[in-house]
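Structure, as structure tokens:
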Amino acid sequence: MKIYNPLHIVLFALLWLSLAPAAHSELRIEIIGGGANQVPIAIAPFKAEETLPEQVTAVVAADLVRSGLFRIVDSGGLTAIPAESAEVQYPVWTARGADALVIGSVAPLPNGYWDVRFRLLDVAKQLQLAGFAYQVTTQQLRSTAHKIADAIYEKLTGDIGVFGTRITYVVKQGTRFELQVADADGYGAQTILASNEPIISPKWSPDGTRLAYVSFERKKPIVYIQSLLTGSRMVVADFNGSNSAPAWSPDGRRLAVVLTKDGNSQIYLINADGSGVTRLTSSGTIDTEPNFSPDGQWVIFTSDRGGSPQIYRVPAGGGAPERLTFEGSYNVSPRYAPDGRSFVFIQRNAGNFNVAVQDFASKQTQVLTDNGIDESPSFAPNGRIILYATEIRGRGILAAVSSDGRVRQRFSADIGDAREPAWGPILKSQ
Amino acid sequence: MRKPIFIMAALALLAGCASQDTKEQAGAAVEERTPGVGDKKPPVAAKPVTAAPVAKPAVSKPIVTNPLKDPKNILSKRSVYFDYDSTIVKDEFKPLITAHARYLAQHRSAKIVIQGNTDERGSREYNIALGQRRADGVKQMMLLLGAQDAQIETVSFGEEKPRAKGQDEASYAENRRSDIVYAGE
């Protein structure tokens, strides 16, 4: 049988071994709206999954629903639950309106691991679309469920799944600030850094092993890099004046940062070990919020050189900046889409701050949110979702909108204000 | 860092030449001009100078106040406020900035940090840059008035450390501010 492709995903767990103890807060997710053409999919309970501490299929279903691209078809009331292709009675699923069906099983292994298997079936064609087996620890069951959801998502949409990725954000609770990392579904939040002074602008290294951020713990903004593997942290930029707005180069070897050591806020490039600082922009005005293009050739940034904050781009090797936004008097916080063809930013419209996307080729702008106080947008690594911070009744929450504007999610922390989100990369070891 | 400054101020005051005049005086500044400090009873809120080990004052001697902390002294005023989206220093704050510039000119070992702040509206990082510009504007004025570049570091807190927590114009106005903080404070 060639349908199963055994995978060992022990590496995935290593990332978390040395992190701080789990924080008390979790993020709850609320979904608003939905895609125009949702795929009706049935997910049969996996054989013997009731023996697990957590149901794998519940995590898979929640992931798919959250994407807005799927509608879960009821799989209850079956006389016999299919675990293998031969056991599937296709007319039952056709009658229930399912286009796709997920079946699977769970079994304990002698070494303490679990054998988790699933198959994705096309109900109309009565064909298998995908099938994988995983040997994992109990702690890895949840990440395995995300991998299954990713496989289903990729097969049925043609896009890369991001259910197994993570997000970072800052929670403010009273006078306490915590930099946290959680799964993309808000589960498993871990505090990476706690401080009584503000923390802003966390940015993932391209390999997902480090965070760069700005901390005010020494009574001024200083840029740090912290390893998620070891928890160790180092100062990257602590020059006279303010040090802020870190952005990783795609190769992870350099950062763009904003320094004021020579006067006004300007963009500099610096090695990730804090050496070799060179100036990238030279204006008498504000240049800030740099972000590298995915190919590393450009740096996009915010500048008020034209009299109001607008978005510009400059070659990463230096050169003349080119203005990109012209509508409105306040366009800030640009971030490239993963394919480099567009960028997301915040546009002020009549006192509201909205998430907008501008296409490089057509120069067309689409505003994706309304009547909000939105901040800090960033793309999911598949480019389909934009994560940002907003406020509801004076409380900071995280929110996400699909890049077509159709599906929205809200992530609310149990306690405190959530802000400054950034979506992490797809890990190579996955 | 601050002890030498206090000792210099203390010596000047003990000489009995302190002016009662709270108004800024033009011309070359000397120690005795440290304004607002009388040779009688200090205000209750004023903290006595922490004496150096060698200089234990006798009980009967007048207690010396720190001009930077004396509420009657303009040097105790530390905040410069700005209009929305503006980094222009308004005329009403020029005496305050002038006084601190003179103090720095007279006390070359004194150092300050000017902390720029903004209200909460808009991008956090852009507000860091706006707050920086507000701090830099105050610094430039102080340099013209005789302070030296090495005495002043400008940093920005952007919108991150609001003094007023409300979401109304009065709170926003309170938070559009540059604060002057002396080294060691």
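We label chains A, B, ... in the order they appear in the structure tokens, count residues from 1 in each chain, and number ligands from 1 in the order shown.
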Taking the DSSP assignment computed from this structure's backbone, write out as a PDB file with N, CA and C atoms, in the first residue's frame all residues of region 45-185 of chain B that belong to helix (DSSP H, G or I).
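Contents of selection_8.pdb, as written:
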```pdb
ATOM      1  N   ILE B  74      10.964  77.397  38.558  1.00  0.00           N
ATOM      2  CA  ILE B  74      10.497  76.971  37.228  1.00  0.00           C
ATOM      3  C   ILE B  74      11.202  75.678  36.786  1.00  0.00           C
ATOM      4  N   LEU B  75      12.390  75.430  37.364  1.00  0.00           N
ATOM      5  CA  LEU B  75      13.114  74.207  36.993  1.00  0.00           C
ATOM      6  C   LEU B  75      12.385  72.942  37.451  1.00  0.00           C
ATOM      7  N   SER B  76      11.439  73.097  38.366  1.00  0.00           N
ATOM      8  CA  SER B  76      10.663  71.913  38.773  1.00  0.00           C
ATOM      9  C   SER B  76       9.576  71.597  37.753  1.00  0.00           C
ATOM     10  N   ASP B  91       4.818  79.270  22.620  1.00  0.00           N
ATOM     11  CA  ASP B  91       5.498  80.344  23.344  1.00  0.00           C
ATOM     12  C   ASP B  91       5.415  80.170  24.856  1.00  0.00           C
ATOM     13  N   GLU B  92       4.298  79.659  25.345  1.00  0.00           N
ATOM     14  CA  GLU B  92       4.111  79.579  26.797  1.00  0.00           C
ATOM     15  C   GLU B  92       5.130  78.655  27.468  1.00  0.00           C
ATOM     16  N   PHE B  93       5.769  77.784  26.676  1.00  0.00           N
ATOM     17  CA  PHE B  93       6.736  76.854  27.270  1.00  0.00           C
ATOM     18  C   PHE B  93       8.184  77.311  27.089  1.00  0.00           C
ATOM     19  N   LYS B  94       8.370  78.460  26.427  1.00  0.00           N
ATOM     20  CA  LYS B  94       9.746  78.902  26.185  1.00  0.00           C
ATOM     21  C   LYS B  94      10.485  79.297  27.459  1.00  0.00           C
ATOM     22  N   PRO B  95       9.792  79.955  28.444  1.00  0.00           N
ATOM     23  CA  PRO B  95      10.519  80.250  29.705  1.00  0.00           C
ATOM     24  C   PRO B  95      11.012  78.984  30.397  1.00  0.00           C
ATOM     25  N   LEU B  96      10.193  77.946  30.403  1.00  0.00           N
ATOM     26  CA  LEU B  96      10.576  76.680  31.028  1.00  0.00           C
ATOM     27  C   LEU B  96      11.811  76.090  30.334  1.00  0.00           C
ATOM     28  N   ILE B  97      11.770  76.064  29.000  1.00  0.00           N
ATOM     29  CA  ILE B  97      12.889  75.489  28.250  1.00  0.00           C
ATOM     30  C   ILE B  97      14.144  76.341  28.450  1.00  0.00           C
ATOM     31  N   THR B  98      13.952  77.664  28.472  1.00  0.00           N
ATOM     32  CA  THR B  98      15.080  78.574  28.680  1.00  0.00           C
ATOM     33  C   THR B  98      15.743  78.318  30.036  1.00  0.00           C
ATOM     34  N   ALA B  99      14.904  78.146  31.069  1.00  0.00           N
ATOM     35  CA  ALA B  99      15.446  77.926  32.417  1.00  0.00           C
ATOM     36  C   ALA B  99      16.291  76.660  32.469  1.00  0.00           C
ATOM     37  N   HIS B 100      15.780  75.579  31.849  1.00  0.00           N
ATOM     38  CA  HIS B 100      16.539  74.322  31.871  1.00  0.00           C
ATOM     39  C   HIS B 100      17.810  74.437  31.030  1.00  0.00           C
ATOM     40  N   ALA B 101      17.733  75.162  29.910  1.00  0.00           N
ATOM     41  CA  ALA B 101      18.930  75.357  29.085  1.00  0.00           C
ATOM     42  C   ALA B 101      19.998  76.113  29.865  1.00  0.00           C
ATOM     43  N   ARG B 102      19.572  77.117  30.606  1.00  0.00           N
ATOM     44  CA  ARG B 102      20.526  77.881  31.423  1.00  0.00           C
ATOM     45  C   ARG B 102      21.134  77.001  32.507  1.00  0.00           C
ATOM     46  N   TYR B 103      20.278  76.211  33.126  1.00  0.00           N
ATOM     47  CA  TYR B 103      20.772  75.328  34.190  1.00  0.00           C
ATOM     48  C   TYR B 103      21.843  74.395  33.631  1.00  0.00           C
ATOM     49  N   LEU B 104      21.558  73.857  32.438  1.00  0.00           N
ATOM     50  CA  LEU B 104      22.542  72.960  31.815  1.00  0.00           C
ATOM     51  C   LEU B 104      23.819  73.713  31.464  1.00  0.00           C
ATOM     52  N   ALA B 105      23.665  74.947  30.990  1.00  0.00           N
ATOM     53  CA  ALA B 105      24.831  75.748  30.635  1.00  0.00           C
ATOM     54  C   ALA B 105      25.680  76.035  31.869  1.00  0.00           C
ATOM     55  N   GLN B 106      24.999  76.190  33.003  1.00  0.00           N
ATOM     56  CA  GLN B 106      25.716  76.506  34.252  1.00  0.00           C
ATOM     57  C   GLN B 106      26.277  75.264  34.935  1.00  0.00           C
ATOM     58  N   ARG B 124       1.661  52.839  16.241  1.00  0.00           N
ATOM     59  CA  ARG B 124       2.553  52.901  17.396  1.00  0.00           C
ATOM     60  C   ARG B 124       3.965  53.319  16.989  1.00  0.00           C
ATOM     61  N   GLU B 125       4.485  52.733  15.930  1.00  0.00           N
ATOM     62  CA  GLU B 125       5.851  53.071  15.515  1.00  0.00           C
ATOM     63  C   GLU B 125       5.922  54.483  14.943  1.00  0.00           C
ATOM     64  N   TYR B 126       4.913  54.893  14.180  1.00  0.00           N
ATOM     65  CA  TYR B 126       4.931  56.269  13.677  1.00  0.00           C
ATOM     66  C   TYR B 126       4.862  57.238  14.852  1.00  0.00           C
ATOM     67  N   ASN B 127       4.122  56.878  15.886  1.00  0.00           N
ATOM     68  CA  ASN B 127       4.046  57.735  17.071  1.00  0.00           C
ATOM     69  C   ASN B 127       5.374  57.780  17.827  1.00  0.00           C
ATOM     70  N   ILE B 128       6.132  56.689  17.787  1.00  0.00           N
ATOM     71  CA  ILE B 128       7.487  56.748  18.351  1.00  0.00           C
ATOM     72  C   ILE B 128       8.276  57.850  17.641  1.00  0.00           C
ATOM     73  N   ALA B 129       8.170  57.889  16.324  1.00  0.00           N
ATOM     74  CA  ALA B 129       8.903  58.899  15.550  1.00  0.00           C
ATOM     75  C   ALA B 129       8.377  60.310  15.828  1.00  0.00           C
ATOM     76  N   LEU B 130       7.054  60.444  15.962  1.00  0.00           N
ATOM     77  CA  LEU B 130       6.489  61.773  16.274  1.00  0.00           C
ATOM     78  C   LEU B 130       6.935  62.244  17.657  1.00  0.00           C
ATOM     79  N   GLY B 131       6.922  61.338  18.623  1.00  0.00           N
ATOM     80  CA  GLY B 131       7.374  61.687  19.974  1.00  0.00           C
ATOM     81  C   GLY B 131       8.842  62.080  19.962  1.00  0.00           C
ATOM     82  N   GLN B 132       9.621  61.383  19.154  1.00  0.00           N
ATOM     83  CA  GLN B 132      11.043  61.709  19.018  1.00  0.00           C
ATOM     84  C   GLN B 132      11.209  63.134  18.495  1.00  0.00           C
ATOM     85  N   ARG B 133      10.392  63.476  17.502  1.00  0.00           N
ATOM     86  CA  ARG B 133      10.482  64.818  16.919  1.00  0.00           C
ATOM     87  C   ARG B 133      10.126  65.880  17.965  1.00  0.00           C
ATOM     88  N   ARG B 134       9.153  65.573  18.817  1.00  0.00           N
ATOM     89  CA  ARG B 134       8.782  66.515  19.886  1.00  0.00           C
ATOM     90  C   ARG B 134       9.930  66.690  20.876  1.00  0.00           C
ATOM     91  N   ALA B 135      10.593  65.606  21.197  1.00  0.00           N
ATOM     92  CA  ALA B 135      11.736  65.707  22.107  1.00  0.00           C
ATOM     93  C   ALA B 135      12.883  66.464  21.436  1.00  0.00           C
ATOM     94  N   ASP B 136      13.119  66.167  20.161  1.00  0.00           N
ATOM     95  CA  ASP B 136      14.220  66.822  19.444  1.00  0.00           C
ATOM     96  C   ASP B 136      13.998  68.334  19.331  1.00  0.00           C
ATOM     97  N   GLY B 137      12.734  68.751  19.160  1.00  0.00           N
ATOM     98  CA  GLY B 137      12.437  70.180  19.033  1.00  0.00           C
ATOM     99  C   GLY B 137      12.821  70.931  20.305  1.00  0.00           C
ATOM    100  N   VAL B 138      12.532  70.314  21.447  1.00  0.00           N
ATOM    101  CA  VAL B 138      12.893  70.922  22.735  1.00  0.00           C
ATOM    102  C   VAL B 138      14.416  70.974  22.876  1.00  0.00           C
ATOM    103  N   LYS B 139      15.065  69.890  22.454  1.00  0.00           N
ATOM    104  CA  LYS B 139      16.533  69.847  22.549  1.00  0.00           C
ATOM    105  C   LYS B 139      17.162  70.950  21.697  1.00  0.00           C
ATOM    106  N   GLN B 140      16.700  71.113  20.473  1.00  0.00           N
ATOM    107  CA  GLN B 140      17.283  72.113  19.581  1.00  0.00           C
ATOM    108  C   GLN B 140      17.200  73.510  20.209  1.00  0.00           C
ATOM    109  N   MET B 141      16.052  73.783  20.831  1.00  0.00           N
ATOM    110  CA  MET B 141      15.889  75.083  21.478  1.00  0.00           C
ATOM    111  C   MET B 141      16.886  75.237  22.633  1.00  0.00           C
ATOM    112  N   MET B 142      17.087  74.175  23.383  1.00  0.00           N
ATOM    113  CA  MET B 142      18.038  74.236  24.507  1.00  0.00           C
ATOM    114  C   MET B 142      19.468  74.432  24.015  1.00  0.00           C
ATOM    115  N   LEU B 143      19.808  73.818  22.876  1.00  0.00           N
ATOM    116  CA  LEU B 143      21.167  73.976  22.349  1.00  0.00           C
ATOM    117  C   LEU B 143      21.411  75.431  21.953  1.00  0.00           C
ATOM    118  N   LEU B 144      20.392  76.073  21.386  1.00  0.00           N
ATOM    119  CA  LEU B 144      20.539  77.476  20.999  1.00  0.00           C
ATOM    120  C   LEU B 144      20.717  78.367  22.227  1.00  0.00           C
ATOM    121  N   ASP B 149      25.300  69.540  23.375  1.00  0.00           N
ATOM    122  CA  ASP B 149      24.703  68.342  22.778  1.00  0.00           C
ATOM    123  C   ASP B 149      24.875  67.118  23.678  1.00  0.00           C
ATOM    124  N   ALA B 150      26.067  66.967  24.263  1.00  0.00           N
ATOM    125  CA  ALA B 150      26.352  65.767  25.056  1.00  0.00           C
ATOM    126  C   ALA B 150      25.548  65.722  26.351  1.00  0.00           C
ATOM    127  N   GLN B 151      24.929  66.852  26.715  1.00  0.00           N
ATOM    128  CA  GLN B 151      24.153  66.877  27.963  1.00  0.00           C
ATOM    129  C   GLN B 151      22.728  66.368  27.776  1.00  0.00           C
ATOM    130  N   GLU B 169     -10.403  64.380  24.426  1.00  0.00           N
ATOM    131  CA  GLU B 169      -9.425  65.376  23.988  1.00  0.00           C
ATOM    132  C   GLU B 169      -8.548  65.849  25.152  1.00  0.00           C
ATOM    133  N   ALA B 170      -9.127  65.950  26.354  1.00  0.00           N
ATOM    134  CA  ALA B 170      -8.324  66.404  27.495  1.00  0.00           C
ATOM    135  C   ALA B 170      -7.195  65.409  27.788  1.00  0.00           C
ATOM    136  N   SER B 171      -7.500  64.122  27.712  1.00  0.00           N
ATOM    137  CA  SER B 171      -6.470  63.102  27.933  1.00  0.00           C
ATOM    138  C   SER B 171      -5.440  63.130  26.811  1.00  0.00           C
ATOM    139  N   TYR B 172      -5.930  63.223  25.578  1.00  0.00           N
ATOM    140  CA  TYR B 172      -5.003  63.258  24.445  1.00  0.00           C
ATOM    141  C   TYR B 172      -4.040  64.434  24.585  1.00  0.00           C
ATOM    142  N   ALA B 173      -4.584  65.606  24.989  1.00  0.00           N
ATOM    143  CA  ALA B 173      -3.752  66.813  25.119  1.00  0.00           C
ATOM    144  C   ALA B 173      -2.687  66.618  26.209  1.00  0.00           C
ATOM    145  N   GLU B 174      -3.082  65.964  27.312  1.00  0.00           N
ATOM    146  CA  GLU B 174      -2.130  65.705  28.397  1.00  0.00           C
ATOM    147  C   GLU B 174      -0.992  64.799  27.913  1.00  0.00           C
ATOM    148  N   ASN B 175      -1.303  63.916  26.972  1.00  0.00           N
ATOM    149  CA  ASN B 175      -0.308  62.939  26.527  1.00  0.00           C
ATOM    150  C   ASN B 175       0.581  63.427  25.377  1.00  0.00           C
TER     151      ASN B 175
END
```
message = as an NGL selection string, could you give me every residue of chain A near chain B (at most 6 Å apart, counting only C-alpha atoms)?
response = :A and (241-242 or 265)
request  = Would you please give, as a ChimeraX atom specification, all residues of region 330-420 of chain A that DSSP assigns to strand (DSSP E) based on the backbone?
outcome  = /A:331-336,342-349,352-359,365-367,375-379,385-392,395-402,407-413,417-420
task = Within 9 Å of Ser195 (chain A), counting only C-alpha atoms, which residues show up once you throw out same-chain ones fewer than 4 positions away? Write them as a ChimeraX atom specification, please.
result = /A:175-179,199,215-217
Would you output that residue set with N, CA and C atoms, as a compact mmCIF listing (two decimals), in the first residue's frame?
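out_31.txt was written with the following content:
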```txt
# COMPACT_ATOMS: atom_id res chain seq x y z
N THR A 175 -0.47 47.23 34.65
CA THR A 175 0.82 47.82 34.28
C THR A 175 1.80 46.76 33.79
N ARG A 176 1.29 45.54 33.55
CA ARG A 176 2.17 44.43 33.16
C ARG A 176 2.02 44.15 31.67
N PHE A 177 3.15 43.98 31.02
CA PHE A 177 3.16 43.67 29.60
C PHE A 177 3.77 42.28 29.40
N GLU A 178 3.09 41.45 28.59
CA GLU A 178 3.62 40.12 28.30
C GLU A 178 3.68 39.91 26.79
N LEU A 179 4.87 39.52 26.33
CA LEU A 179 5.03 39.10 24.94
C LEU A 179 4.69 37.61 24.90
N ILE A 199 6.19 46.74 25.63
CA ILE A 199 6.86 45.92 24.62
C ILE A 199 6.06 46.14 23.33
N SER A 215 11.64 46.84 23.50
CA SER A 215 11.27 46.87 24.91
C SER A 215 11.70 48.20 25.51
N PHE A 216 10.84 48.72 26.40
CA PHE A 216 11.13 50.00 27.08
C PHE A 216 11.64 49.76 28.50
N GLU A 217 12.11 48.56 28.78
CA GLU A 217 12.49 48.22 30.15
C GLU A 217 13.62 49.08 30.69
```
ask   = Leaving out Ala237 (chain A) and any residue of its chain fewer than 5 positions from it, which residues lie within 7 Å of it when counting only C-alpha atoms, given as a PyMOL selection string?
value = chain A and resi 222-223+243+274
inquiry  = What does the structure give for the distance between CA of Tyr268 (chain A) and CA of Thr281 (chain A), in Å to one decimal?
reply    = 7.1 Å
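The spacing separating CA of Ile200 (chain A) from CA of Ile167 (chain A) amounts to 14.3 Å.
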request  = Determine the nearest neighbour of Ile41 (chain A) from the options A:Ser75, A:Ser67, A:Asn371, A:Gln366, counting only C-alpha atoms.
outcome  = A:Ser75
task = Would you mind listing what lies within 6 Å of region 103-109 of chain A as JSON, numbers by chain, with only C-alpha atoms counted and same-chain residues fewer than 2 positions away left out?
result = {"A": [44, 46, 47, 48, 49, 83, 111, 112, 113, 114, 115, 116, 117, 118, 119]}
Selection from above, N, CA and C atoms, as a PDB file, in the first residue's frame, can you write it?
```pdb
ATOM      1  N   ALA A  44     -15.853  12.352   9.815  1.00  0.00           N
ATOM      2  CA  ALA A  44     -16.322  11.261  10.678  1.00  0.00           C
ATOM      3  C   ALA A  44     -15.407  11.163  11.892  1.00  0.00           C
ATOM      4  N   PHE A  46     -12.764   9.841  14.309  1.00  0.00           N
ATOM      5  CA  PHE A  46     -11.708   8.867  14.051  1.00  0.00           C
ATOM      6  C   PHE A  46     -11.914   7.671  14.977  1.00  0.00           C
ATOM      7  N   LYS A  47     -11.699   6.507  14.417  1.00  0.00           N
ATOM      8  CA  LYS A  47     -11.849   5.275  15.195  1.00  0.00           C
ATOM      9  C   LYS A  47     -10.943   5.315  16.435  1.00  0.00           C
ATOM     10  N   ALA A  48     -11.548   5.115  17.591  1.00  0.00           N
ATOM     11  CA  ALA A  48     -10.854   5.054  18.886  1.00  0.00           C
ATOM     12  C   ALA A  48     -10.332   6.402  19.368  1.00  0.00           C
ATOM     13  N   GLU A  49     -10.727   7.503  18.738  1.00  0.00           N
ATOM     14  CA  GLU A  49     -10.201   8.794  19.216  1.00  0.00           C
ATOM     15  C   GLU A  49     -10.806   9.196  20.554  1.00  0.00           C
ATOM     16  N   ALA A  83     -13.555   3.748   9.105  1.00  0.00           N
ATOM     17  CA  ALA A  83     -12.167   4.111   9.385  1.00  0.00           C
ATOM     18  C   ALA A  83     -11.278   3.807   8.177  1.00  0.00           C
ATOM     19  N   ASN A 111       5.596   1.957  22.037  1.00  0.00           N
ATOM     20  CA  ASN A 111       6.586   2.891  22.571  1.00  0.00           C
ATOM     21  C   ASN A 111       5.952   4.124  23.218  1.00  0.00           C
ATOM     22  N   GLY A 112       4.639   4.094  23.421  1.00  0.00           N
ATOM     23  CA  GLY A 112       3.978   5.226  24.061  1.00  0.00           C
ATOM     24  C   GLY A 112       3.481   6.269  23.076  1.00  0.00           C
ATOM     25  N   TYR A 113       3.844   6.125  21.827  1.00  0.00           N
ATOM     26  CA  TYR A 113       3.369   7.039  20.796  1.00  0.00           C
ATOM     27  C   TYR A 113       1.959   6.637  20.360  1.00  0.00           C
ATOM     28  N   TRP A 114       1.365   7.534  19.569  1.00  0.00           N
ATOM     29  CA  TRP A 114       0.076   7.251  18.953  1.00  0.00           C
ATOM     30  C   TRP A 114       0.249   7.147  17.442  1.00  0.00           C
ATOM     31  N   ASP A 115      -0.454   6.205  16.863  1.00  0.00           N
ATOM     32  CA  ASP A 115      -0.530   6.115  15.398  1.00  0.00           C
ATOM     33  C   ASP A 115      -1.835   6.783  14.973  1.00  0.00           C
ATOM     34  N   VAL A 116      -1.711   7.907  14.262  1.00  0.00           N
ATOM     35  CA  VAL A 116      -2.877   8.664  13.811  1.00  0.00           C
ATOM     36  C   VAL A 116      -2.917   8.604  12.289  1.00  0.00           C
ATOM     37  N   ARG A 117      -4.041   8.129  11.737  1.00  0.00           N
ATOM     38  CA  ARG A 117      -4.166   8.010  10.282  1.00  0.00           C
ATOM     39  C   ARG A 117      -5.424   8.712   9.808  1.00  0.00           C
ATOM     40  N   PHE A 118      -5.326   9.315   8.638  1.00  0.00           N
ATOM     41  CA  PHE A 118      -6.560   9.881   8.077  1.00  0.00           C
ATOM     42  C   PHE A 118      -6.530   9.756   6.560  1.00  0.00           C
ATOM     43  N   ARG A 119      -7.738   9.773   5.974  1.00  0.00           N
ATOM     44  CA  ARG A 119      -7.893   9.814   4.518  1.00  0.00           C
ATOM     45  C   ARG A 119      -8.914  10.891   4.176  1.00  0.00           C
TER      46      ARG A 119
END
```
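When only C-alpha atoms are used to measure the gap to Tyr187 (chain A), the shortest distance among A:Val299, A:Ala389, A:Ala62, A:Ile148 belongs to A:Ala62.
What separates CA of Thr57 (chain A) from CA of Arg166 (chain A) is a distance of 19.9 Å.
Between Ala42 (chain A) and the residues A:Pro198, A:Gly319, A:Gly164, A:Gly76, the shortest atom-to-atom distance, using only C-alpha atoms, involves A:Gly76.
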Arg78 (chain B) environment, 7 Å, only C-alpha atoms, sequence neighbours closer than 2 positions dropped, as JSON, numbers by chain = {"B": [76, 80, 179, 180]}
Using C-alpha atoms, can you write the selected residues to a file as a PDB file, in the first residue's frame?
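Now in part-v9.pdb:
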```pdb
ATOM      1  CA  SER B  76      10.663  71.913  38.773  1.00  0.00           C
ATOM      2  CA  VAL B  80       6.151  70.824  27.394  1.00  0.00           C
ATOM      3  CA  ASP B 179       9.151  65.489  29.665  1.00  0.00           C
ATOM      4  CA  ILE B 180      12.538  66.633  30.959  1.00  0.00           C
TER       5      ILE B 180
END
```
